[in-house]
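Text of the file start_37.cif, holding mmCIF, C-alpha atoms and all ligand atoms:
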data_coords
loop_
_atom_site.group_PDB
_atom_site.id
_atom_site.type_symbol
_atom_site.label_atom_id
_atom_site.label_comp_id
_atom_site.auth_asym_id
_atom_site.auth_seq_id
_atom_site.Cartn_x
_atom_site.Cartn_y
_atom_site.Cartn_z
ATOM 1 C CA MET P 1133 7.809 7.905 -7.669
ATOM 2 C CA ILE P 1134 6.252 8.820 -4.346
ATOM 3 C CA GLY P 1135 7.632 10.234 -1.108
ATOM 4 C CA THR P 1136 10.384 12.741 -0.380
ATOM 5 C CA VAL P 1137 13.814 11.780 -1.621
ATOM 6 C CA LEU P 1138 16.134 11.222 1.304
ATOM 7 C CA ASP P 1139 19.744 12.277 1.164
ATOM 8 C CA ALA P 1140 22.457 9.895 2.255
ATOM 9 C CA ALA P 1141 22.906 11.677 5.577
ATOM 10 C CA THR P 1142 19.379 10.828 6.736
ATOM 11 C CA GLU P 1143 19.522 7.793 8.915
ATOM 12 C CA LEU P 1144 16.089 6.432 8.274
ATOM 13 C CA THR P 1145 15.683 2.694 8.352
ATOM 14 C CA ILE P 1146 11.906 2.471 8.597
ATOM 15 C CA ASP P 1147 8.944 3.966 6.699
ATOM 16 C CA LEU P 1148 10.650 4.095 3.353
ATOM 17 C CA ILE P 1149 10.721 2.914 -0.233
ATOM 18 C CA GLN P 1150 14.068 1.747 -1.563
ATOM 19 C CA PRO P 1151 14.198 1.708 -5.392
ATOM 20 C CA PHE P 1152 16.745 -0.611 -6.994
ATOM 21 C CA GLN P 1153 17.797 -2.076 -10.295
ATOM 22 C CA LEU P 1154 19.344 -5.427 -11.230
ATOM 23 C CA ASP P 1155 21.579 -4.511 -14.134
ATOM 24 C CA VAL P 1156 22.526 -8.036 -15.195
ATOM 25 C CA SER P 1157 18.912 -9.155 -15.521
ATOM 26 C CA ASN P 1158 17.154 -5.984 -16.819
ATOM 27 C CA VAL P 1159 14.931 -5.803 -13.762
ATOM 28 C CA ARG P 1160 13.887 -2.856 -11.612
ATOM 29 C CA GLY P 1161 12.456 -3.127 -8.147
ATOM 30 C CA ARG P 1162 11.199 -1.542 -4.968
ATOM 31 C CA ALA P 1163 11.675 -2.617 -1.386
ATOM 32 C CA VAL P 1164 9.374 -1.157 1.258
ATOM 33 C CA ARG P 1165 9.550 -1.185 5.003
ATOM 34 C CA LEU P 1166 6.942 0.408 7.243
ATOM 35 C CA GLY P 1167 6.904 0.711 11.027
ATOM 36 C CA ARG P 1168 5.984 3.873 12.867
ATOM 37 C CA VAL P 1169 3.699 5.034 10.053
ATOM 38 C CA LEU P 1170 1.575 1.896 10.583
ATOM 39 C CA ASP P 1171 1.327 2.544 14.314
ATOM 40 C CA GLU P 1172 0.297 6.139 13.626
ATOM 41 C CA VAL P 1173 -2.327 5.148 11.039
ATOM 42 C CA LEU P 1174 -3.747 2.391 13.261
ATOM 43 C CA ALA P 1175 -3.715 4.576 16.408
ATOM 44 C CA LEU P 1176 -6.438 6.719 14.800
ATOM 45 C CA HIS P 1177 -8.775 3.734 14.893
ATOM 46 C CA ASP P 1178 -9.513 1.100 17.455
ATOM 47 C CA TYR P 1179 -9.496 -1.965 15.253
ATOM 48 C CA PRO P 1180 -9.257 -5.531 16.506
ATOM 49 C CA ARG P 1181 -5.866 -7.150 15.955
ATOM 50 C CA GLN P 1182 -7.004 -9.190 12.906
ATOM 51 C CA VAL P 1183 -8.304 -6.073 11.155
ATOM 52 C CA GLU P 1184 -5.071 -4.230 11.968
ATOM 53 C CA GLN P 1185 -3.207 -7.127 10.343
ATOM 54 C CA VAL P 1186 -4.915 -6.713 6.963
ATOM 55 C CA VAL P 1187 -4.667 -2.923 7.129
ATOM 56 C CA ALA P 1188 -0.903 -3.213 7.740
ATOM 57 C CA GLU P 1189 -0.494 -5.653 4.829
ATOM 58 C CA ALA P 1190 -2.616 -3.523 2.520
ATOM 59 C CA ALA P 1191 -0.666 -0.385 3.439
ATOM 60 C CA ALA P 1192 2.610 -2.064 2.456
ATOM 61 C CA GLY P 1193 1.050 -3.345 -0.790
ATOM 62 C CA THR P 1194 -0.380 0.071 -1.659
ATOM 63 C CA VAL P 1195 2.921 1.868 -1.062
ATOM 64 C CA LEU P 1196 4.673 -0.777 -3.165
ATOM 65 C CA LEU P 1197 2.316 -0.376 -6.149
ATOM 66 C CA ALA P 1198 2.080 3.401 -5.833
ATOM 67 C CA SER P 1199 5.875 3.566 -6.056
ATOM 68 C CA LEU P 1200 5.652 2.301 -9.655
ATOM 69 C CA LEU P 1201 3.634 5.329 -10.794
ATOM 70 C CA LYS P 1202 5.487 7.705 -13.058
ATOM 71 C CA TYR P 1203 3.108 10.647 -12.642
ATOM 72 C CA ASP P 1204 1.715 12.592 -9.686
ATOM 73 C CA GLY P 1205 -1.565 11.635 -8.100
ATOM 74 C CA VAL P 1206 -3.296 9.662 -5.397
ATOM 75 C CA PHE P 1207 -3.076 5.888 -5.618
ATOM 76 C CA THR P 1208 -5.873 3.972 -3.905
ATOM 77 C CA LEU P 1209 -6.305 0.316 -3.055
ATOM 78 C CA GLN P 1210 -9.826 -0.738 -2.193
ATOM 79 C CA ALA P 1211 -10.741 -4.246 -1.039
ATOM 80 C CA LYS P 1212 -14.367 -5.316 -0.775
ATOM 81 C CA GLY P 1213 -15.690 -8.632 0.432
ATOM 82 C CA ASP P 1214 -18.678 -10.466 1.919
ATOM 83 C CA GLY P 1215 -16.733 -11.653 4.980
ATOM 84 C CA ALA P 1216 -16.186 -10.187 8.446
ATOM 85 C CA VAL P 1217 -14.246 -7.305 6.858
ATOM 86 C CA SER P 1218 -16.452 -5.762 4.165
ATOM 87 C CA MET P 1219 -14.242 -2.882 3.080
ATOM 88 C CA LEU P 1220 -10.674 -1.678 3.330
ATOM 89 C CA VAL P 1221 -9.287 1.466 1.747
ATOM 90 C CA VAL P 1222 -5.670 2.644 1.684
ATOM 91 C CA ASP P 1223 -4.416 5.581 -0.298
ATOM 92 C CA VAL P 1224 -0.994 7.122 -0.858
ATOM 93 C CA THR P 1225 -0.179 10.526 -2.337
ATOM 94 C CA THR P 1226 2.812 11.533 -4.410
ATOM 95 C CA ALA P 1227 4.133 13.293 -1.296
ATOM 96 C CA GLY P 1228 4.204 9.931 0.476
ATOM 97 C CA ASP P 1229 1.195 10.517 2.766
ATOM 98 C CA VAL P 1230 -0.570 7.268 3.602
ATOM 99 C CA ARG P 1231 -3.949 6.763 5.312
ATOM 100 C CA ALA P 1232 -6.345 3.848 5.722
ATOM 101 C CA TYR P 1233 -9.639 2.648 7.134
ATOM 102 C CA ALA P 1234 -11.617 -0.574 7.331
ATOM 103 C CA ARG P 1235 -15.245 -1.528 7.885
ATOM 104 C CA PHE P 1236 -15.984 -4.796 9.598
ATOM 105 C CA ASP P 1237 -18.539 -6.773 11.569
ATOM 106 C CA ALA P 1238 -16.946 -7.503 14.964
ATOM 107 C CA ASP P 1239 -19.313 -10.420 15.610
ATOM 108 C CA ARG P 1240 -18.098 -12.267 12.542
ATOM 109 C CA LEU P 1241 -14.363 -11.908 13.174
ATOM 110 C CA PRO P 1242 -12.460 -15.124 13.902
ATOM 111 C CA PRO P 1243 -10.863 -15.413 17.381
ATOM 112 C CA ALA P 1244 -7.934 -13.028 17.830
ATOM 113 C CA ASP P 1245 -5.464 -15.879 18.444
ATOM 114 C CA GLN P 1246 -6.161 -17.383 15.004
ATOM 115 C CA PRO P 1247 -3.944 -16.212 12.169
ATOM 116 C CA ALA P 1248 -5.992 -13.942 9.917
ATOM 117 C CA THR P 1249 -5.499 -13.970 6.170
ATOM 118 C CA PHE P 1250 -7.008 -11.763 3.521
ATOM 119 C CA GLN P 1251 -9.195 -14.640 2.389
ATOM 120 C CA SER P 1252 -10.444 -15.640 5.834
ATOM 121 C CA LEU P 1253 -11.466 -12.060 6.633
ATOM 122 C CA PHE P 1254 -12.816 -10.813 3.298
ATOM 123 C CA GLY P 1255 -14.400 -13.959 1.879
ATOM 124 C CA GLU P 1256 -15.543 -13.449 -1.716
ATOM 125 C CA GLY P 1257 -14.753 -10.069 -3.156
ATOM 126 C CA TYR P 1258 -12.369 -7.972 -5.174
ATOM 127 C CA LEU P 1259 -9.413 -5.615 -5.057
ATOM 128 C CA ALA P 1260 -9.562 -2.390 -7.056
ATOM 129 C CA PHE P 1261 -6.759 0.034 -7.793
ATOM 130 C CA THR P 1262 -7.379 3.618 -8.886
ATOM 131 C CA VAL P 1263 -5.236 6.629 -9.623
ATOM 132 C CA ASP P 1264 -6.630 10.102 -9.098
ATOM 133 C CA GLN P 1265 -4.647 12.788 -10.887
ATOM 134 C CA GLY P 1266 -6.854 15.723 -10.038
ATOM 135 C CA GLU P 1267 -10.218 16.905 -11.226
ATOM 136 C CA ASN P 1268 -12.192 14.496 -13.385
ATOM 137 C CA THR P 1269 -9.252 12.283 -14.109
ATOM 138 C CA GLU P 1270 -9.902 9.355 -11.805
ATOM 139 C CA GLY P 1271 -8.937 6.250 -13.694
ATOM 140 C CA TYR P 1272 -9.145 2.586 -12.945
ATOM 141 C CA GLN P 1273 -5.778 0.910 -12.959
ATOM 142 C CA GLY P 1274 -7.295 -2.489 -12.478
ATOM 143 C CA ILE P 1275 -9.607 -4.754 -10.609
ATOM 144 C CA VAL P 1276 -9.064 -8.343 -9.604
ATOM 145 C CA ALA P 1277 -11.076 -10.984 -7.729
ATOM 146 C CA LEU P 1278 -9.848 -11.819 -4.247
ATOM 147 C CA THR P 1279 -8.320 -15.173 -5.036
ATOM 148 C CA GLY P 1280 -5.699 -16.937 -2.955
ATOM 149 C CA GLN P 1281 -5.051 -16.947 0.760
ATOM 150 C CA THR P 1282 -2.960 -13.826 1.094
ATOM 151 C CA LEU P 1283 -2.575 -10.346 -0.318
ATOM 152 C CA THR P 1284 0.646 -11.552 -1.968
ATOM 153 C CA ASP P 1285 -1.461 -14.139 -3.878
ATOM 154 C CA CYS P 1286 -4.037 -11.509 -4.860
ATOM 155 C CA LEU P 1287 -1.298 -9.183 -6.121
ATOM 156 C CA ALA P 1288 0.171 -12.005 -8.218
ATOM 157 C CA HIS P 1289 -3.231 -12.351 -9.934
ATOM 158 C CA TYR P 1290 -3.443 -8.620 -10.387
ATOM 159 C CA PHE P 1291 -0.015 -8.505 -12.043
ATOM 160 C CA GLU P 1292 -0.951 -11.377 -14.377
ATOM 161 C CA GLN P 1293 -4.135 -9.622 -15.446
ATOM 162 C CA SER P 1294 -3.205 -5.960 -15.446
ATOM 163 C CA GLU P 1295 0.509 -5.294 -15.710
ATOM 164 C CA GLN P 1296 1.984 -5.317 -19.160
ATOM 165 C CA LEU P 1297 5.426 -5.991 -17.712
ATOM 166 C CA LEU P 1298 6.355 -9.140 -15.840
ATOM 167 C CA THR P 1299 5.956 -8.205 -12.180
ATOM 168 C CA ALA P 1300 6.208 -10.139 -8.929
ATOM 169 C CA ALA P 1301 6.004 -9.153 -5.266
ATOM 170 C CA LYS P 1302 6.155 -10.553 -1.789
ATOM 171 C CA LEU P 1303 5.001 -8.899 1.421
ATOM 172 C CA ALA P 1304 4.590 -9.515 5.126
ATOM 173 C CA ALA P 1305 3.250 -7.687 8.191
ATOM 174 C CA ARG P 1306 3.379 -8.557 11.844
ATOM 175 C CA ARG P 1307 2.829 -6.957 15.210
ATOM 176 C CA TYR P 1308 5.880 -6.960 17.466
ATOM 177 C CA PRO P 1309 5.921 -5.944 21.155
ATOM 178 C CA ASP P 1310 7.116 -2.472 20.084
ATOM 179 C CA GLY P 1311 4.563 -2.017 17.306
ATOM 180 C CA TRP P 1312 3.516 -2.995 13.786
ATOM 181 C CA ARG P 1313 5.968 -3.651 11.030
ATOM 182 C CA ALA P 1314 5.501 -4.476 7.352
ATOM 183 C CA GLY P 1315 7.979 -5.286 4.627
ATOM 184 C CA ALA P 1316 7.651 -5.878 0.914
ATOM 185 C CA VAL P 1317 9.704 -6.329 -2.213
ATOM 186 C CA LEU P 1318 8.639 -6.013 -5.843
ATOM 187 C CA ILE P 1319 10.479 -6.768 -9.069
ATOM 188 C CA GLN P 1320 9.504 -5.832 -12.619
ATOM 189 C CA HIS P 1321 11.096 -6.594 -15.959
ATOM 190 C CA LEU P 1322 12.286 -3.407 -17.675
ATOM 191 C CA PRO P 1323 10.275 -2.432 -20.762
ATOM 192 C CA GLU P 1324 11.901 -3.163 -24.147
ATOM 193 C CA GLU P 1325 12.347 0.532 -24.847
ATOM 194 C CA ASP P 1326 14.123 1.265 -21.552
ATOM 195 C CA GLU P 1327 17.430 2.999 -22.217
ATOM 196 C CA GLY P 1328 19.318 1.130 -19.534
ATOM 197 C CA ARG P 1329 18.374 -2.254 -20.904
ATOM 198 C CA ILE P 1330 21.034 -4.738 -22.046
ATOM 199 C CA PRO P 1331 19.898 -6.252 -25.397
ATOM 200 C CA LYS P 1332 18.986 -9.919 -24.949
ATOM 201 C CA THR P 1333 17.249 -12.749 -26.779
ATOM 202 C CA PRO P 1334 13.705 -13.745 -25.711
ATOM 203 C CA ALA P 1335 15.118 -16.969 -24.279
ATOM 204 C CA ASP P 1336 17.634 -15.030 -22.173
ATOM 205 C CA ASN P 1337 14.886 -12.670 -20.993
ATOM 206 C CA GLU P 1338 12.855 -15.640 -19.883
ATOM 207 C CA GLU P 1339 15.823 -17.156 -18.086
ATOM 208 C CA ASP P 1340 16.612 -13.813 -16.372
ATOM 209 C CA TRP P 1341 13.072 -13.487 -15.100
ATOM 210 C CA ARG P 1342 12.974 -17.092 -13.887
ATOM 211 C CA ARG P 1343 16.254 -16.680 -11.992
ATOM 212 C CA VAL P 1344 15.332 -13.349 -10.391
ATOM 213 C CA THR P 1345 11.870 -14.493 -9.228
ATOM 214 C CA ILE P 1346 13.466 -17.552 -7.629
ATOM 215 C CA LEU P 1347 15.903 -15.265 -5.800
ATOM 216 C CA MET P 1348 13.102 -12.954 -4.676
ATOM 217 C CA ASN P 1349 11.049 -15.869 -3.413
ATOM 218 C CA THR P 1350 13.897 -16.991 -1.158
ATOM 219 C CA VAL P 1351 13.203 -13.949 1.040
ATOM 220 C CA ALA P 1352 11.854 -15.038 4.420
ATOM 221 C CA GLU P 1353 9.096 -13.131 6.192
ATOM 222 C CA VAL P 1354 11.474 -12.434 9.066
ATOM 223 C CA GLU P 1355 13.971 -10.836 6.651
ATOM 224 C CA LEU P 1356 11.305 -8.526 5.237
ATOM 225 C CA LEU P 1357 10.445 -7.417 8.776
ATOM 226 C CA ASP P 1358 13.785 -7.486 10.608
ATOM 227 C CA ARG P 1359 14.593 -3.942 11.661
ATOM 228 C CA THR P 1360 18.256 -4.804 12.263
ATOM 229 C CA LEU P 1361 18.583 -5.858 8.610
ATOM 230 C CA ASP P 1362 18.444 -2.644 6.587
ATOM 231 C CA LEU P 1363 16.915 -2.783 3.121
ATOM 232 C CA ASN P 1364 20.216 -2.333 1.299
ATOM 233 C CA SER P 1365 21.704 -5.304 3.122
ATOM 234 C CA LEU P 1366 18.578 -7.324 2.403
ATOM 235 C CA LEU P 1367 18.735 -6.469 -1.315
ATOM 236 C CA TYR P 1368 22.403 -7.349 -1.438
ATOM 237 C CA ARG P 1369 21.726 -10.645 0.294
ATOM 238 C CA LEU P 1370 19.001 -11.514 -2.223
ATOM 239 C CA PHE P 1371 20.386 -10.147 -5.462
ATOM 240 C CA HIS P 1372 24.182 -9.672 -5.195
ATOM 241 C CA GLU P 1373 24.760 -11.975 -8.195
ATOM 242 C CA GLU P 1374 22.520 -9.709 -10.315
ATOM 243 C CA GLN P 1375 24.569 -6.540 -9.708
ATOM 244 C CA VAL P 1376 21.987 -4.808 -7.545
ATOM 245 C CA ARG P 1377 22.169 -1.016 -7.660
ATOM 246 C CA VAL P 1378 20.174 1.161 -5.250
ATOM 247 C CA PHE P 1379 18.812 4.696 -5.709
ATOM 248 C CA PRO P 1380 18.082 7.267 -2.968
ATOM 249 C CA PRO P 1381 15.244 6.049 -0.716
ATOM 250 C CA HIS P 1382 11.920 7.886 -0.387
ATOM 251 C CA ALA P 1383 10.136 8.625 2.902
ATOM 252 C CA ILE P 1384 6.565 7.611 3.734
ATOM 253 C CA GLN P 1385 4.502 9.238 6.479
ATOM 254 C CA ARG P 1386 0.960 9.348 7.808
ATOM 255 C CA GLY P 1387 -1.248 12.035 6.356
ATOM 256 C CA CYS P 1388 -4.923 12.774 5.701
ATOM 257 C CA ARG P 1389 -6.343 15.239 3.192
ATOM 258 C CA CYS P 1390 -9.647 15.891 4.946
ATOM 259 C CA SER P 1391 -10.600 19.470 5.831
ATOM 260 C CA ALA P 1392 -13.654 21.514 6.766
ATOM 261 C CA GLU P 1393 -13.766 22.828 3.182
ATOM 262 C CA ARG P 1394 -13.832 19.315 1.728
ATOM 263 C CA VAL P 1395 -16.582 18.264 4.133
ATOM 264 C CA GLU P 1396 -18.594 21.335 3.173
ATOM 265 C CA ARG P 1397 -18.157 20.602 -0.515
ATOM 266 C CA ALA P 1398 -19.179 16.977 -0.019
ATOM 267 C CA LEU P 1399 -22.306 18.028 1.869
ATOM 268 C CA GLN P 1400 -23.361 20.366 -0.926
ATOM 269 C CA SER P 1401 -24.014 17.359 -3.126
ATOM 270 C CA ILE P 1402 -26.189 15.600 -0.520
ATOM 271 C CA PRO P 1403 -29.997 16.096 -0.584
ATOM 272 C CA ALA P 1404 -31.357 18.147 2.324
ATOM 273 C CA GLY P 1405 -33.316 15.169 3.675
ATOM 274 C CA GLU P 1406 -30.173 13.122 4.060
ATOM 275 C CA ILE P 1407 -28.388 16.023 5.733
ATOM 276 C CA GLU P 1408 -31.101 15.909 8.410
ATOM 277 C CA GLU P 1409 -30.127 12.295 9.106
ATOM 278 C CA LEU P 1410 -26.536 13.331 9.811
ATOM 279 C CA LYS P 1411 -27.661 15.607 12.630
ATOM 280 C CA VAL P 1412 -26.827 14.755 16.224
ATOM 281 C CA ASP P 1413 -28.582 17.038 18.775
ATOM 282 C CA GLY P 1414 -29.253 19.566 16.021
ATOM 283 C CA GLU P 1415 -25.657 19.613 14.805
ATOM 284 C CA ILE P 1416 -24.361 18.034 11.645
ATOM 285 C CA VAL P 1417 -21.526 15.716 12.595
ATOM 286 C CA VAL P 1418 -19.211 14.286 9.963
ATOM 287 C CA THR P 1419 -16.340 12.038 10.976
ATOM 288 C CA CYS P 1420 -13.466 11.383 8.589
ATOM 289 C CA GLU P 1421 -13.259 7.626 8.175
ATOM 290 C CA PHE P 1422 -9.529 7.794 7.524
ATOM 291 C CA CYS P 1423 -8.339 9.825 10.508
ATOM 292 C CA SER P 1424 -11.407 9.989 12.805
ATOM 293 C CA THR P 1425 -11.385 13.809 12.829
ATOM 294 C CA ARG P 1426 -14.887 15.062 13.694
ATOM 295 C CA TYR P 1427 -16.333 18.017 11.816
ATOM 296 C CA THR P 1428 -19.455 19.622 13.261
ATOM 297 C CA SER P 1429 -21.713 22.507 12.332
ATOM 298 C CA GLU P 1430 -24.891 24.001 13.690
ATOM 299 C CA ASP P 1431 -26.003 25.618 10.482
ATOM 300 C CA GLY P 1432 -24.433 23.344 7.886
ATOM 301 C CA VAL P 1433 -22.216 26.102 6.549
ATOM 302 C CA THR P 1434 -19.275 26.621 8.843
ATOM 303 C CA PHE P 1435 -17.397 23.622 10.075
ATOM 304 C CA ASP P 1436 -14.970 23.397 12.921
ATOM 305 C CA LYS P 1437 -12.549 20.655 13.758
ATOM 306 C CA ARG P 1438 -13.341 19.191 17.145
HETATM 307 ZN ZN ZN P 1501 -9.137 12.761 7.725
#

The structure in this file should be written as structure tokens.
Ligand SMILES: [Zn+2]
Amino acid sequence: MIGTVLDAATELTIDLIQPFQLDVSNVRGRAVRLGRVLDEVLALHDYPRQVEQVVAEAAAGTVLLASLLKYDGVFTLQAKGDGAVSMLVVDVTTAGDVRAYARFDADRLPPADQPATFQSLFGEGYLAFTVDQGENTEGYQGIVALTGQTLTDCLAHYFEQSEQLLTAAKLAARRYPDGWRAGAVLIQHLPEEDEGRIPKTPADNEEDWRRVTILMNTVAEVELLDRTLDLNSLLYRLFHEEQVRVFPPHAIQRGCRCSAERVERALQSIPAGEIEELKVDGEIVVTCEFCSTRYTSEDGVTFDKR
């Protein structure tokens, strides 16, 4: 699980993961709501509205999937396409630090007043998920073609292909006058060996899953995003017949892991000729794509944050 566990006294209704379980139907789940963290991540860039839209959606999706991890590490979602947006990266650490960046061709973006979907912006491409658990342990979780209109559609394909357990999710993001907001909910059938599982026949399992996915799919976009509807109330509204039980929520915040030392280490693996190309007025300038921090050096050894 990612993020800091919040005690009951903390009145946090945004930027959190709310784990839950549906005891009647042997299902566990996560609800996510992001607000200020999206504004903070996006404020580091100056992306057009449509690009901000997909970054906000991807951030909610990444937090949702990362929250299923049982071990510590960095969970990364990477989307690549041949459309106006060619690349999008979001990663989340066990501590709940999220960061993101996108690369795009401004000339190819659709007009800002047109609703942007994952498909319309990325075109043909793929989504890749990786988990980095420290040195030399980067592992692919999965990769899936960008199929379907929305990130919700793409995730459904990913779950079909990659997850061993029945999994379903729904997410939404929208910019309000006071800032960006994203909301998401995910459900997953408990594994057979799970201690808390009520023994059931395969037919009953199938019926449970059918019933719970129907309930989840009744959630409206506005409910996922409505700040006045806290996640516990939303979960109760959706799943009260399934005996929904919630666990302490976890906090999510903006955070980047870049540092002068990391930049130095990265430069050590670059051939001298290419280092020359990084120079601006005799100084090497490296800008972190995630947080836009500029690192510069005259001699290529000592870096200062500017
Ligand atoms: Zn950074």

Restrict the calculation to all atoms listed in the file, then for each residue of chain P with any atom at most 8 Å from an atom of ligand ZN 1501 (chain P) give the closest atom pair and their distance in Å to one decimal, rows by chain and rising residue number, as a Markdown table.
| residue | atom | partner | partner_atom | distance |
| --- | --- | --- | --- | --- |
| P:Cys1388 | CA | P:ZN1501 | ZN | 4.7 |
| P:Arg1389 | CA | P:ZN1501 | ZN | 5.9 |
| P:Cys1390 | CA | P:ZN1501 | ZN | 4.2 |
| P:Ser1391 | CA | P:ZN1501 | ZN | 7.1 |
| P:Thr1419 | CA | P:ZN1501 | ZN | 7.9 |
| P:Cys1420 | CA | P:ZN1501 | ZN | 4.6 |
| P:Glu1421 | CA | P:ZN1501 | ZN | 6.6 |
| P:Phe1422 | CA | P:ZN1501 | ZN | 5.0 |
| P:Cys1423 | CA | P:ZN1501 | ZN | 4.1 |
| P:Ser1424 | CA | P:ZN1501 | ZN | 6.2 |
| P:Thr1425 | CA | P:ZN1501 | ZN | 5.7 |

With distances taken over all atoms listed in the file, which residue among P:Thr1428, P:Val1263, P:Arg1235, P:Ala1211 lies nearest Val1276 in chain P? P:Ala1211

Hey, what comes out of the PyMOL selection byres (((chain P and resi 1345) around 10) and not hetatm) on this file? Could you write it as a list in words?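 This file, filtered by the PyMOL selection byres (((chain P and resi 1345) around 10) and not hetatm), leaves Thr1299, Ala1300, Ala1301, Leu1318, Ile1319, Gln1320, Asp1340, Trp1341, Arg1342, Arg1343, Val1344, Ile1346, Leu1347, Met1348, Asn1349 and Thr1350 of chain P.
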
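Between CA of His1289 in chain P and CA of Ala1335 in chain P the interatomic distance comes to 23.7 Å.
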
Which residue of P:Leu1241, P:Ala1232, P:Val1137, P:Val1164 approaches Leu1176 in chain P most closely, using only C-alpha atoms: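 Among P:Leu1241, P:Ala1232, P:Val1137, P:Val1164, it is P:Ala1232 that comes nearest to Leu1176 in chain P.
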
Can you translate the PyMOL selection byres (((chain P and resi 1221) around 7) and not hetatm) into the concrete residues it hits in this file, as a tab-separated table (two decimals) with C-alpha atoms, keeping the file's coordinate frame?
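Below is the file that was written, part_22.tsv:
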chain	number	residue	atom	x	y	z
P	1209	LEU	CA	-6.30	0.32	-3.06
P	1210	GLN	CA	-9.83	-0.74	-2.19
P	1211	ALA	CA	-10.74	-4.25	-1.04
P	1219	MET	CA	-14.24	-2.88	3.08
P	1220	LEU	CA	-10.67	-1.68	3.33
P	1222	VAL	CA	-5.67	2.64	1.68
P	1223	ASP	CA	-4.42	5.58	-0.30
P	1232	ALA	CA	-6.34	3.85	5.72
P	1233	TYR	CA	-9.64	2.65	7.13
P	1234	ALA	CA	-11.62	-0.57	7.33

Two-atom distance - CA of Ile1134 in chain P, CA of Ala1392 in chain P (Å):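 Going from CA of Ile1134 in chain P over to CA of Ala1392 in chain P covers 26.1 Å.
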
Residues within 9 Å of range 1195-1208 of chain P, all atoms listed in the file, excluding chain neighbours under 6 positions, as an MDAnalysis selection string: chainID P and resid 1133:1135 1149 1151 1161:1164 1221:1228 1230 1260:1266 1301 1316:1318 1384

Computed interatomic separation between CA of Ala1277 in chain P and CA of Leu1259 in chain P (Å): 6.2 Å

Tell me, as a ChimeraX atom specification, which residues lie within 10 Å of Ala1352 in chain P, counting all atoms listed in the file; anything in the same chain fewer than 3 positions away does not count. /P:1302-1304,1348-1349,1355-1358

Evaluated on this file, the PyMOL selection byres (((chain P and resi 1244) around 10) and not hetatm) picks out some residues - which ones are they, written as a compact mmCIF listing (two decimals) with C-alpha atoms, in the coordinates of the input?
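For reference, part.txt as written:
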# COMPACT_ATOMS: atom_id res chain seq x y z
CA PRO P 1180 -9.26 -5.53 16.51
CA ARG P 1181 -5.87 -7.15 15.96
CA GLN P 1182 -7.00 -9.19 12.91
CA VAL P 1183 -8.30 -6.07 11.16
CA LEU P 1241 -14.36 -11.91 13.17
CA PRO P 1242 -12.46 -15.12 13.90
CA PRO P 1243 -10.86 -15.41 17.38
CA ASP P 1245 -5.46 -15.88 18.44
CA GLN P 1246 -6.16 -17.38 15.00
CA PRO P 1247 -3.94 -16.21 12.17
CA ALA P 1248 -5.99 -13.94 9.92

Mind checking which residues fall within 12 Å of Asp1171 in chain P, counting only C-alpha atoms, ignoring those fewer than 6 positions away in the same chain, and posting them as a PyMOL selection string? chain P and resi 1147+1177-1179+1184-1185+1187-1188+1191+1230-1232+1306-1314+1385-1386

Which residue out of P:Phe1152, P:Ile1275, P:Thr1136, P:Phe1291 has the minimum interatomic distance to Leu1367 in chain P when only C-alpha atoms are used?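 Among P:Phe1152, P:Ile1275, P:Thr1136, P:Phe1291, it is P:Phe1152 that comes nearest to Leu1367 in chain P.
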
Could you check which residues have any atom within 6 Å of (12.5, -8.9, -19.3), counting all atoms listed in the file with coordinates taken straight from the file, and then list them as a list in words? His1321, Leu1322 and Asn1337 of chain P

Shortest contact to Arg1329 in chain P, candidates P:Ala1192, P:Val1156, P:Leu1361, P:Leu1410, atoms counted all atoms listed in the file, goes to P:Val1156
